[in-house]
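Shown next, in structure tokens, is the structure this report addresses.
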Amino acid sequence: MVDRLANSEANSKRIQVVEGCFGAAGQPLVIPGRVLIGEGVLTKLCRKKPKARQFFLFNDILVYGNIVIQKKKYNKQHIIPLESVTINTVADEGDLRNGWLIKTPTKSFAVYAATATEKSEWMSHISKCVGDLLEKSGKAPTGEHAAVWIPDSEATLCMRCQKIKFTPLSRRHHCRKCGYVVCGPCSDKKFLLPSQSSKPVRVCEFCYLQLASAGGGTGLDPRSDSYSRSGSKYNNVSDDEDEEDSSD
């Protein structure tokens with residue numbers, strides 16, 4: 001079915017419409033062999049709160065963006081290669097139902113469908129596309145994934161020291177390795193996680209020690225000269241400033 005649609009005019013037109021909805025700021029989506037499998041609105045669990053996002057499943061990528069005008073205009077386009085995707089179901093909890101995790105080496109997050117049937121269909125189609133891609137390429141499934149960030153609302157205290165309470169002055173930060181919500185003093189180091197960034201990223205003290213002892217990789221200690229030149233003992237930049245689109 002996918003092979004039959006790959007070069008059809010109807011499929012190309014559907015993809016062109018999606019491409020047009022993202023405008024000039026979006027990446028080109030029409031390439032030979034690409035097929036639009038399906039689309040729909042899913043609730044994405046973001047750092048601040050759950051938000052509605054428009055998702056498009058192609059046979060090789062998953063695309064999502066912010067909804068500006070439904071079915072007409074989207075922005076902040078994100079493209080995820082399906083070869084790197086692993087999915088796992090999420091248990092229902094309160095108002096958050098029919099969810100699953102989308103995990104990649106760069107970014108991992110939870111999404112929720114409106115119904116159990118919709119969840120089943122999404123997960124089935126994604127799994128089929130990933131399986132077909134891996135079979136064609138001969139590659140093994142991705143073994144390493146970025147941590148799913150704990151939402152801000154689930155932590156009133158630092159999840160590492162369990163002492164510092166978050167306030168407008170004592171701000172929340174996220175460890176890029178474990179996804180915990182932590183305070184500034186508990187996340188005052190950075191470590192190079194190549195799958196996530198070409199530059200060292202914020203990690204908590206616990207993960208820093210584990211990473212440093214495991215492989216002797218590239219870490220930055222705030223007490224070192226190279227780090228302290230940034231101007232303060234603790235890098236008290238919020239996650240929104242730390243990393244583009246980290247709140248999404």
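Residue numbers start at 1 in each chain; chains themselves are named A, B, ... in the order of the structure tokens; ligands are numbered from 1 in the order shown.
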
Just the residues within 10 Å of Asn66 of chain A, please, counting only C-alpha atoms, with nothing from its chain fewer than 5 positions along; format it as a list in words.
Phe22, Lys51, Ala52, Arg53, Gln54, Phe55, Lys73, Tyr74, Asn75, Lys76, Gln77, His78 and Asp248 of chain A

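Using only C-alpha atoms, the protein and nucleic acid residues lying no more than 12 Å from Lys139 of chain A, apart from those fewer than 6 places from it along its own chain, are Glu83, Ser84, Val130, Gly131, Asp132 and Leu133 of chain A.
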
Do you know which residues are at most 10 Å from segment 148-162 of chain A counting only C-alpha atoms, after dropping those on the same chain fewer than 4 positions away, and could you put them as an NGL selection string?
:A and (45-50 or 101-104 or 107-110 or 166-167 or 170-187 or 204-206 or 246-247)

Got time to write the residues from that selection, C-alpha atoms, as a PDB file, in the first residue's frame?
ATOM      1  CA  LEU A  45       3.063  16.746  27.739  1.00  0.00           C
ATOM      2  CA  CYS A  46       5.255  19.851  27.734  1.00  0.00           C
ATOM      3  CA  ARG A  47       7.435  21.233  30.490  1.00  0.00           C
ATOM      4  CA  LYS A  48       4.845  23.719  31.768  1.00  0.00           C
ATOM      5  CA  LYS A  49       1.570  21.960  30.937  1.00  0.00           C
ATOM      6  CA  PRO A  50      -0.070  19.638  28.374  1.00  0.00           C
ATOM      7  CA  LEU A 101       6.078   7.770  25.016  1.00  0.00           C
ATOM      8  CA  ILE A 102       7.894   8.819  21.853  1.00  0.00           C
ATOM      9  CA  LYS A 103      11.588   8.285  22.597  1.00  0.00           C
ATOM     10  CA  THR A 104      14.575   9.328  20.475  1.00  0.00           C
ATOM     11  CA  LYS A 107      14.389  14.200  22.685  1.00  0.00           C
ATOM     12  CA  SER A 108      11.719  12.080  24.376  1.00  0.00           C
ATOM     13  CA  PHE A 109       8.200  13.051  25.430  1.00  0.00           C
ATOM     14  CA  ALA A 110       4.695  11.756  26.158  1.00  0.00           C
ATOM     15  CA  PHE A 166      11.209  26.201  44.084  1.00  0.00           C
ATOM     16  CA  THR A 167      10.300  29.891  44.104  1.00  0.00           C
ATOM     17  CA  SER A 170      15.044  29.526  43.199  1.00  0.00           C
ATOM     18  CA  ARG A 171      14.138  28.337  39.737  1.00  0.00           C
ATOM     19  CA  ARG A 172      13.538  24.911  38.289  1.00  0.00           C
ATOM     20  CA  HIS A 173      16.067  23.281  35.969  1.00  0.00           C
ATOM     21  CA  HIS A 174      16.033  19.950  34.143  1.00  0.00           C
ATOM     22  CA  CYS A 175      18.844  17.431  34.074  1.00  0.00           C
ATOM     23  CA  ARG A 176      19.327  16.419  30.436  1.00  0.00           C
ATOM     24  CA  LYS A 177      20.403  12.922  31.433  1.00  0.00           C
ATOM     25  CA  CYS A 178      17.686  11.795  33.884  1.00  0.00           C
ATOM     26  CA  GLY A 179      14.949  14.379  33.247  1.00  0.00           C
ATOM     27  CA  TYR A 180      14.578  15.256  36.946  1.00  0.00           C
ATOM     28  CA  VAL A 181      13.508  18.729  38.048  1.00  0.00           C
ATOM     29  CA  VAL A 182      16.419  20.061  40.102  1.00  0.00           C
ATOM     30  CA  CYS A 183      17.690  23.229  41.764  1.00  0.00           C
ATOM     31  CA  GLY A 184      20.643  25.339  40.612  1.00  0.00           C
ATOM     32  CA  PRO A 185      23.188  23.997  43.127  1.00  0.00           C
ATOM     33  CA  CYS A 186      22.247  20.389  42.270  1.00  0.00           C
ATOM     34  CA  SER A 187      22.685  21.032  38.537  1.00  0.00           C
ATOM     35  CA  CYS A 204      22.476  17.030  37.894  1.00  0.00           C
ATOM     36  CA  GLU A 205      25.275  16.182  40.327  1.00  0.00           C
ATOM     37  CA  PHE A 206      24.214  12.519  40.517  1.00  0.00           C
ATOM     38  CA  SER A 246      12.982  23.426  26.030  1.00  0.00           C
ATOM     39  CA  SER A 247       9.528  24.300  27.368  1.00  0.00           C
TER      40      SER A 247
END

Show which residues sit within 6 Å of Thr106 of chain A, as a count of residues only. Count only C-alpha atoms, and ignore same-chain residues fewer than 3 positions away.
3

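Using only C-alpha atoms, the nearest neighbour of Ala113 of chain A within the list A:Ser198, A:Val41, A:Asn59, A:His145 is A:Val41.
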
From the DSSP assignment of the backbone, select every residue of segment 46-204 of chain A that is alpha helix (DSSP H), and format the answer as a list of chain:residue names.
A:Ala116, A:Thr117, A:Glu118, A:Lys119, A:Ser120, A:Glu121, A:Trp122, A:Met123, A:Ser124, A:His125, A:Ile126, A:Ser127, A:Lys128, A:Cys129, A:Val130, A:Gly131, A:Asp132, A:Leu133, A:Leu134, A:Glu135, A:Lys136, A:Ser137

Output C-alpha atoms of each residue in that selection to a file, as a PDB file, in the first residue's frame.
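As a result, again08.pdb now contains:
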ATOM      1  CA  ALA A 116      -8.105   4.400  23.290  1.00  0.00           C
ATOM      2  CA  THR A 117      -8.836   3.465  19.658  1.00  0.00           C
ATOM      3  CA  GLU A 118      -6.958   6.487  18.368  1.00  0.00           C
ATOM      4  CA  LYS A 119      -3.998   5.634  20.624  1.00  0.00           C
ATOM      5  CA  SER A 120      -3.953   2.066  19.341  1.00  0.00           C
ATOM      6  CA  GLU A 121      -4.027   3.200  15.708  1.00  0.00           C
ATOM      7  CA  TRP A 122      -1.225   5.733  16.190  1.00  0.00           C
ATOM      8  CA  MET A 123       1.005   3.250  17.998  1.00  0.00           C
ATOM      9  CA  SER A 124       0.315   0.524  15.446  1.00  0.00           C
ATOM     10  CA  HIS A 125       1.117   2.739  12.452  1.00  0.00           C
ATOM     11  CA  ILE A 126       4.259   4.180  14.041  1.00  0.00           C
ATOM     12  CA  SER A 127       5.528   0.709  14.954  1.00  0.00           C
ATOM     13  CA  LYS A 128       4.856  -0.544  11.425  1.00  0.00           C
ATOM     14  CA  CYS A 129       6.723   2.380   9.833  1.00  0.00           C
ATOM     15  CA  VAL A 130       9.701   2.008  12.177  1.00  0.00           C
ATOM     16  CA  GLY A 131       9.830  -1.749  11.562  1.00  0.00           C
ATOM     17  CA  ASP A 132       9.710  -1.332   7.784  1.00  0.00           C
ATOM     18  CA  LEU A 133      12.495   1.267   7.846  1.00  0.00           C
ATOM     19  CA  LEU A 134      14.777  -0.876  10.007  1.00  0.00           C
ATOM     20  CA  GLU A 135      14.117  -3.936   7.850  1.00  0.00           C
ATOM     21  CA  LYS A 136      15.033  -2.034   4.677  1.00  0.00           C
ATOM     22  CA  SER A 137      18.148  -0.470   6.153  1.00  0.00           C
TER      23      SER A 137
END

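Every residue of segment 158-228 of chain A found in strand (DSSP E or B) when DSSP is run on the backbone appears here: Lys165, His173, His174, Val181, Val182, Lys189, Lys190, Phe191, Val201, Arg202, Val203, Gly219 and Leu220 of chain A.
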